[in-house]
$ cat entry.cif   # mmCIF, C-alpha atoms, pLDDT in the B column; chains and numbers go by the auth columns
data_upload
loop_
_atom_site.group_PDB
_atom_site.id
_atom_site.type_symbol
_atom_site.label_atom_id
_atom_site.label_comp_id
_atom_site.label_asym_id
_atom_site.label_seq_id
_atom_site.Cartn_x
_atom_site.Cartn_y
_atom_site.Cartn_z
_atom_site.B_iso_or_equiv
_atom_site.auth_seq_id
_atom_site.auth_asym_id
ATOM 1 C CA MET A 1 -11.969 -20.213 16.689 46.00 766 U
ATOM 2 C CA LYS A 2 -15.730 -19.643 16.450 52.00 767 U
ATOM 3 C CA ALA A 3 -17.905 -21.489 18.995 57.00 768 U
ATOM 4 C CA ASP A 4 -20.722 -23.673 17.701 70.00 769 U
ATOM 5 C CA LYS A 5 -24.195 -22.210 18.018 73.00 770 U
ATOM 6 C CA PRO A 6 -26.066 -23.766 20.957 81.00 771 U
ATOM 7 C CA ARG A 7 -29.020 -26.034 20.114 88.00 772 U
ATOM 8 C CA ILE A 8 -31.355 -24.522 22.689 92.00 773 U
ATOM 9 C CA PRO A 9 -32.640 -20.985 22.050 94.00 774 U
ATOM 10 C CA PRO A 10 -32.793 -18.538 24.968 93.00 775 U
ATOM 11 C CA GLY A 11 -35.651 -19.165 27.424 93.00 776 U
ATOM 12 C CA GLN A 12 -36.330 -22.752 26.268 95.00 777 U
ATOM 13 C CA VAL A 13 -36.334 -26.003 28.287 94.00 778 U
ATOM 14 C CA VAL A 14 -35.675 -29.400 26.673 95.00 779 U
ATOM 15 C CA THR A 15 -38.378 -32.055 26.915 92.00 780 U
ATOM 16 C CA SER A 16 -38.302 -35.689 25.842 89.00 781 U
ATOM 17 C CA LYS A 17 -42.056 -35.575 25.199 87.00 782 U
ATOM 18 C CA PHE A 18 -43.893 -34.208 22.179 86.00 783 U
ATOM 19 C CA PRO A 19 -46.501 -31.942 23.819 77.00 784 U
ATOM 20 C CA VAL A 20 -49.861 -31.354 22.141 86.00 785 U
ATOM 21 C CA LEU A 21 -51.094 -27.785 21.782 78.00 786 U
ATOM 22 C CA HIS A 22 -53.782 -26.475 19.448 79.00 787 U
ATOM 23 C CA VAL A 23 -56.935 -24.400 19.355 78.00 788 U
ATOM 24 C CA GLY A 24 -60.291 -26.013 18.634 82.00 789 U
ATOM 25 C CA PRO A 25 -61.202 -29.589 17.801 90.00 790 U
ATOM 26 C CA ILE A 26 -59.127 -31.939 15.674 94.00 791 U
ATOM 27 C CA PRO A 27 -60.571 -31.776 12.155 95.00 792 U
ATOM 28 C CA PRO A 28 -61.882 -34.994 10.617 94.00 793 U
ATOM 29 C CA PHE A 29 -59.875 -36.514 7.775 96.00 794 U
ATOM 30 C CA ASP A 30 -61.379 -38.202 4.734 96.00 795 U
ATOM 31 C CA PRO A 31 -58.706 -39.227 2.174 97.00 796 U
ATOM 32 C CA GLN A 32 -61.346 -39.289 -0.589 97.00 797 U
ATOM 33 C CA ARG A 33 -62.280 -35.625 -0.027 96.00 798 U
ATOM 34 C CA TRP A 34 -58.952 -34.186 1.156 97.00 799 U
ATOM 35 C CA ASP A 35 -57.018 -31.996 -1.256 98.00 800 U
ATOM 36 C CA PHE A 36 -54.106 -29.576 -1.189 98.00 801 U
ATOM 37 C CA ARG A 37 -54.701 -26.275 -2.990 98.00 802 U
ATOM 38 C CA ILE A 38 -51.968 -23.889 -4.196 98.00 803 U
ATOM 39 C CA PHE A 39 -53.330 -20.539 -5.316 98.00 804 U
ATOM 40 C CA GLY A 40 -52.832 -16.774 -5.316 98.00 805 U
ATOM 41 C CA LEU A 41 -49.848 -15.365 -7.200 98.00 806 U
ATOM 42 C CA VAL A 42 -49.079 -18.508 -9.199 98.00 807 U
ATOM 43 C CA GLU A 43 -49.200 -18.917 -12.970 98.00 808 U
ATOM 44 C CA GLU A 44 -51.713 -21.731 -12.592 97.00 809 U
ATOM 45 C CA GLU A 45 -53.640 -22.936 -9.549 98.00 810 U
ATOM 46 C CA VAL A 46 -52.672 -26.443 -8.466 97.00 811 U
ATOM 47 C CA VAL A 47 -54.949 -28.857 -6.605 98.00 812 U
ATOM 48 C CA LEU A 48 -53.510 -32.189 -5.494 98.00 813 U
ATOM 49 C CA SER A 49 -55.590 -35.064 -4.180 98.00 814 U
ATOM 50 C CA TYR A 50 -54.385 -36.937 -1.134 98.00 815 U
ATOM 51 C CA GLN A 51 -53.103 -39.738 -3.359 98.00 816 U
ATOM 52 C CA GLU A 52 -51.288 -37.275 -5.641 98.00 817 U
ATOM 53 C CA PHE A 53 -49.679 -35.485 -2.711 98.00 818 U
ATOM 54 C CA MET A 54 -48.581 -38.747 -1.095 97.00 819 U
ATOM 55 C CA SER A 55 -47.039 -39.915 -4.384 98.00 820 U
ATOM 56 C CA LEU A 56 -44.565 -36.980 -4.401 98.00 821 U
ATOM 57 C CA PRO A 57 -40.951 -37.899 -3.571 98.00 822 U
ATOM 58 C CA LYS A 58 -40.401 -38.264 0.151 97.00 823 U
ATOM 59 C CA VAL A 59 -37.579 -37.045 2.386 98.00 824 U
ATOM 60 C CA GLU A 60 -36.531 -37.529 5.973 98.00 825 U
ATOM 61 C CA ILE A 61 -35.029 -34.722 8.010 97.00 826 U
ATOM 62 C CA VAL A 62 -33.811 -34.485 11.580 97.00 827 U
ATOM 63 C CA SER A 63 -34.414 -31.163 13.299 96.00 828 U
ATOM 64 C CA ASP A 64 -34.973 -29.532 16.636 96.00 829 U
ATOM 65 C CA PHE A 65 -38.427 -28.116 17.351 95.00 830 U
ATOM 66 C CA HIS A 66 -39.061 -25.074 19.552 96.00 831 U
ATOM 67 C CA CYS A 67 -42.445 -24.032 20.936 93.00 832 U
ATOM 68 C CA VAL A 68 -43.291 -20.478 21.962 94.00 833 U
ATOM 69 C CA THR A 69 -44.541 -21.934 25.284 92.00 834 U
ATOM 70 C CA ARG A 70 -40.829 -22.526 26.091 94.00 835 U
ATOM 71 C CA TRP A 71 -40.302 -26.242 25.411 92.00 836 U
ATOM 72 C CA SER A 72 -37.853 -27.626 22.865 96.00 837 U
ATOM 73 C CA GLY A 73 -37.663 -31.129 21.429 95.00 838 U
ATOM 74 C CA LEU A 74 -34.291 -32.191 20.056 96.00 839 U
ATOM 75 C CA GLY A 75 -33.535 -34.451 17.130 95.00 840 U
ATOM 76 C CA TYR A 76 -37.082 -35.031 15.900 96.00 841 U
ATOM 77 C CA ILE A 77 -37.197 -37.204 12.800 97.00 842 U
ATOM 78 C CA TRP A 78 -39.742 -35.997 10.254 98.00 843 U
ATOM 79 C CA GLU A 79 -40.847 -37.747 7.064 98.00 844 U
ATOM 80 C CA GLY A 80 -42.735 -36.005 4.299 98.00 845 U
ATOM 81 C CA VAL A 81 -42.481 -33.900 1.165 98.00 846 U
ATOM 82 C CA SER A 82 -39.972 -31.064 1.137 98.00 847 U
ATOM 83 C CA PHE A 83 -41.098 -27.586 0.190 98.00 848 U
ATOM 84 C CA GLN A 84 -38.279 -27.603 -2.367 97.00 849 U
ATOM 85 C CA GLU A 85 -39.938 -30.630 -4.011 97.00 850 U
ATOM 86 C CA LEU A 86 -43.382 -29.061 -3.950 97.00 851 U
ATOM 87 C CA ILE A 87 -42.156 -25.789 -5.485 96.00 852 U
ATOM 88 C CA LYS A 88 -41.089 -27.799 -8.569 96.00 853 U
ATOM 89 C CA HIS A 89 -44.810 -28.254 -9.296 94.00 854 U
ATOM 90 C CA ILE A 90 -45.676 -24.559 -8.831 95.00 855 U
ATOM 91 C CA ARG A 91 -44.900 -21.521 -10.919 95.00 856 U
ATOM 92 C CA PRO A 92 -45.011 -18.574 -8.505 97.00 857 U
ATOM 93 C CA ARG A 93 -45.326 -15.224 -10.188 98.00 858 U
ATOM 94 C CA PRO A 94 -42.257 -12.958 -9.797 97.00 859 U
ATOM 95 C CA GLU A 95 -44.030 -10.661 -7.329 98.00 860 U
ATOM 96 C CA ALA A 96 -44.887 -13.518 -4.922 98.00 861 U
ATOM 97 C CA ARG A 97 -42.752 -12.945 -1.831 98.00 862 U
ATOM 98 C CA TYR A 98 -44.941 -14.305 0.975 98.00 863 U
ATOM 99 C CA VAL A 99 -47.030 -17.391 1.590 98.00 864 U
ATOM 100 C CA MET A 100 -50.114 -17.838 3.753 98.00 865 U
ATOM 101 C CA VAL A 101 -50.404 -21.423 4.951 98.00 866 U
ATOM 102 C CA HIS A 102 -54.074 -22.454 5.267 98.00 867 U
ATOM 103 C CA SER A 103 -55.223 -25.307 7.486 97.00 868 U
ATOM 104 C CA ASP A 104 -58.445 -27.047 8.387 95.00 869 U
ATOM 105 C CA GLY A 105 -60.318 -25.389 11.223 89.00 870 U
ATOM 106 C CA GLY A 106 -59.659 -21.848 9.986 89.00 871 U
ATOM 107 C CA TYR A 107 -56.038 -21.765 11.127 93.00 872 U
ATOM 108 C CA SER A 108 -53.417 -19.930 9.070 97.00 873 U
ATOM 109 C CA THR A 109 -49.850 -18.717 9.420 97.00 874 U
ATOM 110 C CA ASN A 110 -47.751 -16.410 7.272 98.00 875 U
ATOM 111 C CA LEU A 111 -44.151 -16.866 6.175 98.00 876 U
ATOM 112 C CA PRO A 112 -41.793 -15.227 3.717 98.00 877 U
ATOM 113 C CA LEU A 113 -41.339 -17.430 0.653 98.00 878 U
ATOM 114 C CA GLN A 114 -37.590 -17.301 1.317 97.00 879 U
ATOM 115 C CA ALA A 115 -38.060 -19.001 4.728 98.00 880 U
ATOM 116 C CA LEU A 116 -39.947 -21.890 3.125 98.00 881 U
ATOM 117 C CA LEU A 117 -37.114 -22.448 0.643 97.00 882 U
ATOM 118 C CA ASP A 118 -34.740 -23.613 3.429 97.00 883 U
ATOM 119 C CA ASP A 119 -33.629 -27.191 2.818 95.00 884 U
ATOM 120 C CA ASP A 120 -35.114 -28.420 6.122 97.00 885 U
ATOM 121 C CA VAL A 121 -38.722 -27.272 5.519 98.00 886 U
ATOM 122 C CA LEU A 122 -41.196 -30.009 4.716 98.00 887 U
ATOM 123 C CA PHE A 123 -44.814 -31.104 4.819 98.00 888 U
ATOM 124 C CA ALA A 124 -44.659 -33.943 7.319 98.00 889 U
ATOM 125 C CA TYR A 125 -46.950 -36.908 7.683 98.00 890 U
ATOM 126 C CA GLY A 126 -44.497 -38.941 9.770 98.00 891 U
ATOM 127 C CA HIS A 127 -42.680 -38.329 13.041 97.00 892 U
ATOM 128 C CA ASP A 128 -40.021 -40.564 14.618 94.00 893 U
ATOM 129 C CA GLY A 129 -40.813 -43.538 12.377 95.00 894 U
ATOM 130 C CA ARG A 130 -44.617 -43.451 12.698 96.00 895 U
ATOM 131 C CA ASP A 131 -47.500 -41.600 11.117 96.00 896 U
ATOM 132 C CA LEU A 132 -48.238 -38.306 12.817 96.00 897 U
ATOM 133 C CA THR A 133 -51.138 -38.591 15.227 95.00 898 U
ATOM 134 C CA PRO A 134 -54.235 -36.481 14.559 96.00 899 U
ATOM 135 C CA GLU A 135 -53.288 -34.408 17.639 95.00 900 U
ATOM 136 C CA HIS A 136 -49.981 -33.544 15.984 95.00 901 U
ATOM 137 C CA GLY A 137 -51.442 -32.625 12.608 96.00 902 U
ATOM 138 C CA TRP A 138 -52.233 -35.814 10.658 96.00 903 U
ATOM 139 C CA PRO A 139 -52.535 -36.042 7.726 98.00 904 U
ATOM 140 C CA LEU A 140 -50.156 -33.141 6.976 98.00 905 U
ATOM 141 C CA ARG A 141 -48.164 -30.703 9.063 98.00 906 U
ATOM 142 C CA LEU A 142 -45.804 -28.025 7.852 98.00 907 U
ATOM 143 C CA VAL A 143 -42.434 -28.150 9.658 98.00 908 U
ATOM 144 C CA VAL A 144 -40.334 -24.962 9.686 98.00 909 U
ATOM 145 C CA PRO A 145 -37.515 -25.767 12.152 97.00 910 U
ATOM 146 C CA LYS A 146 -35.991 -22.267 12.239 96.00 911 U
ATOM 147 C CA ARG A 147 -39.243 -20.712 13.532 97.00 912 U
ATOM 148 C CA TYR A 148 -41.344 -21.236 16.639 96.00 913 U
ATOM 149 C CA ALA A 149 -43.723 -24.169 16.295 95.00 914 U
ATOM 150 C CA TRP A 150 -46.888 -22.126 15.657 95.00 915 U
ATOM 151 C CA LYS A 151 -45.389 -21.476 12.203 97.00 916 U
ATOM 152 C CA SER A 152 -45.343 -25.284 11.716 97.00 917 U
ATOM 153 C CA ALA A 153 -49.078 -25.400 11.076 96.00 918 U
ATOM 154 C CA LYS A 154 -51.060 -28.600 11.621 97.00 919 U
ATOM 155 C CA TRP A 155 -53.734 -30.001 9.266 97.00 920 U
ATOM 156 C CA VAL A 156 -52.383 -28.046 6.268 98.00 921 U
ATOM 157 C CA ARG A 157 -54.640 -27.848 3.225 98.00 922 U
ATOM 158 C CA GLY A 158 -53.133 -25.168 1.053 98.00 923 U
ATOM 159 C CA LEU A 159 -50.719 -22.387 0.248 98.00 924 U
ATOM 160 C CA GLU A 160 -51.627 -18.904 -0.902 98.00 925 U
ATOM 161 C CA PHE A 161 -48.790 -17.036 -2.619 98.00 926 U
ATOM 162 C CA MET A 162 -48.916 -13.268 -1.955 98.00 927 U
ATOM 163 C CA GLU A 163 -47.044 -10.098 -2.874 98.00 928 U
ATOM 164 C CA HIS A 164 -47.556 -8.462 0.534 98.00 929 U
ATOM 165 C CA ASP A 165 -47.370 -10.033 3.956 98.00 930 U
ATOM 166 C CA ARG A 166 -50.495 -10.344 6.064 96.00 931 U
ATOM 167 C CA PRO A 167 -50.843 -11.842 9.540 97.00 932 U
ATOM 168 C CA GLY A 168 -52.102 -15.364 10.155 97.00 933 U
ATOM 169 C CA TYR A 169 -54.212 -16.683 13.040 95.00 934 U
ATOM 170 C CA TRP A 170 -51.736 -16.264 15.929 93.00 935 U
ATOM 171 C CA GLU A 171 -50.077 -13.205 14.435 96.00 936 U
ATOM 172 C CA GLN A 172 -53.482 -11.454 14.499 95.00 937 U
ATOM 173 C CA ARG A 173 -53.652 -12.306 18.213 94.00 938 U
ATOM 174 C CA GLY A 174 -50.365 -10.709 19.203 95.00 939 U
ATOM 175 C CA TYR A 175 -47.721 -13.298 18.335 95.00 940 U
ATOM 176 C CA HIS A 176 -44.619 -11.991 16.594 96.00 941 U
ATOM 177 C CA ASN A 177 -44.790 -11.907 12.811 95.00 942 U
ATOM 178 C CA ASP A 178 -41.464 -13.721 12.299 95.00 943 U
ATOM 179 C CA GLY A 179 -41.254 -16.101 15.291 96.00 944 U
ATOM 180 C CA ASP A 180 -37.469 -16.584 15.342 96.00 945 U
ATOM 181 C CA PRO A 181 -36.638 -18.588 18.511 96.00 946 U
ATOM 182 C CA TRP A 182 -33.018 -17.396 18.539 94.00 947 U
ATOM 183 C CA LYS A 183 -34.207 -13.800 18.799 95.00 948 U
ATOM 184 C CA GLU A 184 -37.025 -14.753 21.246 94.00 949 U
ATOM 185 C CA GLU A 185 -39.588 -13.282 18.861 96.00 950 U
ATOM 186 C CA ARG A 186 -42.517 -14.618 20.857 94.00 951 U
ATOM 187 C CA TYR A 187 -44.941 -11.693 20.871 90.00 952 U
ATOM 188 C CA SER A 188 -45.351 -8.400 19.042 84.00 953 U
ATOM 189 C CA ASN A 189 -44.353 -5.205 20.795 65.00 954 U
#

$ encode --input "entry.cif" --output "structure tokens"
Amino acid sequence: MKADKPRIPPGQVVTSKFPVLHVGPIPPFDPQRWDFRIFGLVEEEVVLSYQEFMSLPKVEIVSDFHCVTRWSGLGYIWEGVSFQELIKHIRPRPEARYVMVHSDGGYSTNLPLQALLDDDVLFAYGHDGRDLTPEHGWPLRLVVPKRYAWKSAKWVRGLEFMEHDRPGYWEQRGYHNDGDPWKEERYSN
């Protein structure tokens, strides 16, 4: 009989808090000026206003969340728009295999398109029954539960579809390109 996979990746410690970590100031949010841009290797660029994005069908997922700084939060409840819903409004070109996630403040992170297609990936605006706080990424945070939390970018403003992978903000600074907590892919070799 196969044992269940443990919930805590190697080297992690469980916390009941939701720590705040980011670089730079919290960007201001103006719902009248905010938009979400999808560009790059897509048949047609898509730009959604805040109202348009918030009118997309919503989902709730429960997932664990693992930070490269060695804390893990268990059973977080996220509310938002799933990537699988968003992809219905996009026509990626066949050669698009990677996505660069762009955020306010110059932050970015890279992911394979296949990783974003997991059924637990979403663009969250709610956490544990409340709106996300600005410190945690309000108005929109990507949540990719199977990767370390730096891949769950805060203050997301757009997606760039790409044929070839290229490193994002933390990946350029020595963090591992994939960030799989189960493999302890914290930093590049």

$ closest_residue --input "entry.cif" --among "U:Ile773, U:Val921, U:Asp800, U:Tyr940" --to "U:Arg835" --atoms "all atoms listed in the file"
U:Ile773

$ residues_around --input "entry.cif" --residues "U:Arg862" --least-positions-apart "3" --cutoff "10 Å" --atoms "all atoms listed in the file" --output "PDB file with C-alpha atoms, keeping the file's coordinate frame"
ATOM      1  CA  LEU U 806     -49.848 -15.365  -7.200  1.00 98.00           C
ATOM      2  CA  PRO U 857     -45.011 -18.574  -8.505  1.00 97.00           C
ATOM      3  CA  ARG U 858     -45.326 -15.224 -10.188  1.00 98.00           C
ATOM      4  CA  PRO U 859     -42.257 -12.958  -9.797  1.00 97.00           C
ATOM      5  CA  LEU U 876     -44.151 -16.866   6.175  1.00 98.00           C
ATOM      6  CA  PRO U 877     -41.793 -15.227   3.717  1.00 98.00           C
ATOM      7  CA  LEU U 878     -41.339 -17.430   0.653  1.00 98.00           C
ATOM      8  CA  GLN U 879     -37.590 -17.301   1.317  1.00 97.00           C
ATOM      9  CA  PHE U 926     -48.790 -17.036  -2.619  1.00 98.00           C
ATOM     10  CA  MET U 927     -48.916 -13.268  -1.955  1.00 98.00           C
ATOM     11  CA  GLU U 928     -47.044 -10.098  -2.874  1.00 98.00           C
ATOM     12  CA  HIS U 929     -47.556  -8.462   0.534  1.00 98.00           C
ATOM     13  CA  ASP U 930     -47.370 -10.033   3.956  1.00 98.00           C
TER      14      ASP U 930
END

$ resolve_selection --input "entry.cif" --expression "the PyMOL selection byres ((chain U and resi 774) around 9)" --output "list in words"
Pro771, Arg772, Ile773, Pro775, Gly776, Gln777, Val778, His831, Ser837, Pro946, Trp947, Lys948 and Glu949 of chain U

$ write_last_selection --input "entry.cif" --atoms "C-alpha atoms" --output "PDB file, in the frame of the given file"
ATOM      1  CA  PRO U 771     -26.066 -23.766  20.957  1.00 81.00           C
ATOM      2  CA  ARG U 772     -29.020 -26.034  20.114  1.00 88.00           C
ATOM      3  CA  ILE U 773     -31.355 -24.522  22.689  1.00 92.00           C
ATOM      4  CA  PRO U 775     -32.793 -18.538  24.968  1.00 93.00           C
ATOM      5  CA  GLY U 776     -35.651 -19.165  27.424  1.00 93.00           C
ATOM      6  CA  GLN U 777     -36.330 -22.752  26.268  1.00 95.00           C
ATOM      7  CA  VAL U 778     -36.334 -26.003  28.287  1.00 94.00           C
ATOM      8  CA  HIS U 831     -39.061 -25.074  19.552  1.00 96.00           C
ATOM      9  CA  SER U 837     -37.853 -27.626  22.865  1.00 96.00           C
ATOM     10  CA  PRO U 946     -36.638 -18.588  18.511  1.00 96.00           C
ATOM     11  CA  TRP U 947     -33.018 -17.396  18.539  1.00 94.00           C
ATOM     12  CA  LYS U 948     -34.207 -13.800  18.799  1.00 95.00           C
ATOM     13  CA  GLU U 949     -37.025 -14.753  21.246  1.00 94.00           C
TER      14      GLU U 949
END

$ closest_residue --input "entry.cif" --among "U:Phe794, U:Ile852, U:Trp903, U:Ile842" --to "U:Phe830" --atoms "all atoms listed in the file"
U:Ile842

$ resolve_selection --input "entry.cif" --expression "the PyMOL selection byres ((chain U and resi 803) around 9)" --output "mmCIF file with C-alpha atoms, in the frame of the given file"
data_model
loop_
_atom_site.group_PDB
_atom_site.id
_atom_site.type_symbol
_atom_site.label_atom_id
_atom_site.label_comp_id
_atom_site.auth_asym_id
_atom_site.auth_seq_id
_atom_site.Cartn_x
_atom_site.Cartn_y
_atom_site.Cartn_z
ATOM 1 C CA PHE U 801 -54.106 -29.576 -1.189
ATOM 2 C CA ARG U 802 -54.701 -26.275 -2.990
ATOM 3 C CA PHE U 804 -53.330 -20.539 -5.316
ATOM 4 C CA GLY U 805 -52.832 -16.774 -5.316
ATOM 5 C CA VAL U 807 -49.079 -18.508 -9.199
ATOM 6 C CA GLU U 809 -51.713 -21.731 -12.592
ATOM 7 C CA GLU U 810 -53.640 -22.936 -9.549
ATOM 8 C CA VAL U 811 -52.672 -26.443 -8.466
ATOM 9 C CA VAL U 812 -54.949 -28.857 -6.605
ATOM 10 C CA LEU U 813 -53.510 -32.189 -5.494
ATOM 11 C CA ILE U 855 -45.676 -24.559 -8.831
ATOM 12 C CA ARG U 922 -54.640 -27.848 3.225
ATOM 13 C CA GLY U 923 -53.133 -25.168 1.053
ATOM 14 C CA LEU U 924 -50.719 -22.387 0.248
ATOM 15 C CA GLU U 925 -51.627 -18.904 -0.902
ATOM 16 C CA PHE U 926 -48.790 -17.036 -2.619
#

$ closest_residue --input "entry.cif" --among "U:Ser917, U:Gln937, U:Asn942, U:Gln849" --to "U:Cys832" --atoms "only C-alpha atoms"
U:Ser917

$ closest_residue --input "entry.cif" --among "U:Leu882, U:Val866, U:Ala918, U:Leu887" --to "U:Val827" --atoms "all atoms listed in the file"
U:Leu887

$ resolve_selection --input "entry.cif" --expression "the PyMOL selection byres ((chain U and resi 814-820) around 10)" --output "ChimeraX atom specification"
/U:795-802,812-813,821-823,845-846,851,888,890,904-905

$ atom_distance --input "entry.cif" --atom1 "atom CA of U:Ser873" --atom2 "atom CA of U:Ser847"
19.2 Å

$ atom_distance --input "entry.cif" --atom1 "atom CA of U:Arg895" --atom2 "atom CA of U:Gly838"
16.6 Å

$ residues_around --input "entry.cif" --residues "U:Ala880" --least-positions-apart "2" --cutoff "10 Å" --atoms "only C-alpha atoms" --output "ChimeraX atom specification"
/U:863-864,876-878,882-886,909,911-912,943

$ closest_residue --input "entry.cif" --among "U:Arg931, U:His854, U:His787, U:Lys919" --to "U:His867" --atoms "all atoms listed in the file"
U:Lys919

$ atom_distance --input "entry.cif" --atom1 "atom CA of U:Gly933" --atom2 "atom CA of U:Trp836"
22.1 Å

$ residues_around --input "entry.cif" --residues "U:Trp920" --least-positions-apart "4" --cutoff "6 Å" --atoms "all atoms listed in the file" --output "PyMOL selection string"
chain U and resi 868-869+902+905-906

$ axis_aligned_box --input "entry.cif" --around "stretch 838-846 of chain U" --padding-each-side "6 Å" --output "AutoDock Vina command-line options"
--center_x -38.1 --center_y -34.4 --center_z 11.3 --size_x 21.2 --size_y 18.6 --size_z 32.3

$ closest_residue --input "entry.cif" --among "U:Pro910, U:Gly939, U:Thr834, U:Glu808" --to "U:Pro784" --atoms "all atoms listed in the file"
U:Thr834

$ decode --input "entry.cif" --residues "stretch 843-901 of chain U" --atoms "C-alpha atoms" --output "PDB file, in the first residue's frame"
ATOM      1  CA  TRP U 843      -8.329  31.444  -1.938  1.00  0.00           C
ATOM      2  CA  GLU U 844     -11.067  33.100  -3.992  1.00  0.00           C
ATOM      3  CA  GLY U 845     -10.529  34.385  -7.500  1.00  0.00           C
ATOM      4  CA  VAL U 846     -10.482  33.531 -11.185  1.00  0.00           C
ATOM      5  CA  SER U 847      -8.893  30.254 -12.223  1.00  0.00           C
ATOM      6  CA  PHE U 848      -6.230  30.237 -14.899  1.00  0.00           C
ATOM      7  CA  GLN U 849      -8.336  27.611 -16.676  1.00  0.00           C
ATOM      8  CA  GLU U 850     -11.171  30.170 -16.859  1.00  0.00           C
ATOM      9  CA  LEU U 851      -8.897  32.939 -18.080  1.00  0.00           C
ATOM     10  CA  ILE U 852      -7.360  30.767 -20.815  1.00  0.00           C
ATOM     11  CA  LYS U 853     -10.865  30.442 -22.331  1.00  0.00           C
ATOM     12  CA  HIS U 854     -10.562  34.127 -23.284  1.00  0.00           C
ATOM     13  CA  ILE U 855      -7.077  33.772 -24.813  1.00  0.00           C
ATOM     14  CA  ARG U 856      -5.885  32.109 -27.977  1.00  0.00           C
ATOM     15  CA  PRO U 857      -2.227  31.241 -27.353  1.00  0.00           C
ATOM     16  CA  ARG U 858      -0.270  30.508 -30.482  1.00  0.00           C
ATOM     17  CA  PRO U 859       0.913  26.874 -30.797  1.00  0.00           C
ATOM     18  CA  GLU U 860       4.536  27.787 -30.056  1.00  0.00           C
ATOM     19  CA  ALA U 861       3.677  29.464 -26.718  1.00  0.00           C
ATOM     20  CA  ARG U 862       5.118  27.206 -24.022  1.00  0.00           C
ATOM     21  CA  TYR U 863       6.054  29.666 -21.268  1.00  0.00           C
ATOM     22  CA  VAL U 864       4.442  32.613 -19.542  1.00  0.00           C
ATOM     23  CA  MET U 865       6.045  35.643 -17.917  1.00  0.00           C
ATOM     24  CA  VAL U 866       3.819  37.033 -15.181  1.00  0.00           C
ATOM     25  CA  HIS U 867       4.171  40.835 -14.948  1.00  0.00           C
ATOM     26  CA  SER U 868       3.302  42.790 -11.817  1.00  0.00           C
ATOM     27  CA  ASP U 869       3.249  46.382 -10.668  1.00  0.00           C
ATOM     28  CA  GLY U 870       6.567  47.587  -9.312  1.00  0.00           C
ATOM     29  CA  GLY U 871       8.633  45.861 -12.007  1.00  0.00           C
ATOM     30  CA  TYR U 872       8.266  42.382 -10.531  1.00  0.00           C
ATOM     31  CA  SER U 873       7.976  39.349 -12.809  1.00  0.00           C
ATOM     32  CA  THR U 874       8.141  35.577 -12.574  1.00  0.00           C
ATOM     33  CA  ASN U 875       8.336  32.892 -15.236  1.00  0.00           C
ATOM     34  CA  LEU U 876       6.397  29.640 -15.427  1.00  0.00           C
ATOM     35  CA  PRO U 877       5.818  26.926 -17.994  1.00  0.00           C
ATOM     36  CA  LEU U 878       2.337  27.243 -19.489  1.00  0.00           C
ATOM     37  CA  GLN U 879       1.729  23.636 -18.427  1.00  0.00           C
ATOM     38  CA  ALA U 880       2.214  24.562 -14.733  1.00  0.00           C
ATOM     39  CA  LEU U 881      -0.424  27.293 -14.982  1.00  0.00           C
ATOM     40  CA  LEU U 882      -2.936  24.825 -16.428  1.00  0.00           C
ATOM     41  CA  ASP U 883      -3.131  22.895 -13.111  1.00  0.00           C
ATOM     42  CA  ASP U 884      -6.665  22.984 -11.729  1.00  0.00           C
ATOM     43  CA  ASP U 885      -5.566  24.726  -8.505  1.00  0.00           C
ATOM     44  CA  VAL U 886      -3.927  27.795 -10.117  1.00  0.00           C
ATOM     45  CA  LEU U 887      -5.869  31.021  -9.837  1.00  0.00           C
ATOM     46  CA  PHE U 888      -5.693  34.797  -9.750  1.00  0.00           C
ATOM     47  CA  ALA U 889      -6.774  35.507  -6.191  1.00  0.00           C
ATOM     48  CA  TYR U 890      -8.358  38.612  -4.769  1.00  0.00           C
ATOM     49  CA  GLY U 891      -9.638  36.895  -1.621  1.00  0.00           C
ATOM     50  CA  HIS U 892      -7.983  34.923   1.163  1.00  0.00           C
ATOM     51  CA  ASP U 893      -9.744  33.081   4.003  1.00  0.00           C
ATOM     52  CA  GLY U 894     -13.084  34.811   3.408  1.00  0.00           C
ATOM     53  CA  ARG U 895     -11.782  38.386   3.081  1.00  0.00           C
ATOM     54  CA  ASP U 896     -10.272  40.561   0.393  1.00  0.00           C
ATOM     55  CA  LEU U 897      -6.520  40.190   0.140  1.00  0.00           C
ATOM     56  CA  THR U 898      -4.711  42.991   1.925  1.00  0.00           C
ATOM     57  CA  PRO U 899      -2.466  45.271  -0.136  1.00  0.00           C
ATOM     58  CA  GLU U 900       0.523  43.666   1.643  1.00  0.00           C
ATOM     59  CA  HIS U 901      -0.544  40.283   0.286  1.00  0.00           C
TER      60      HIS U 901
END
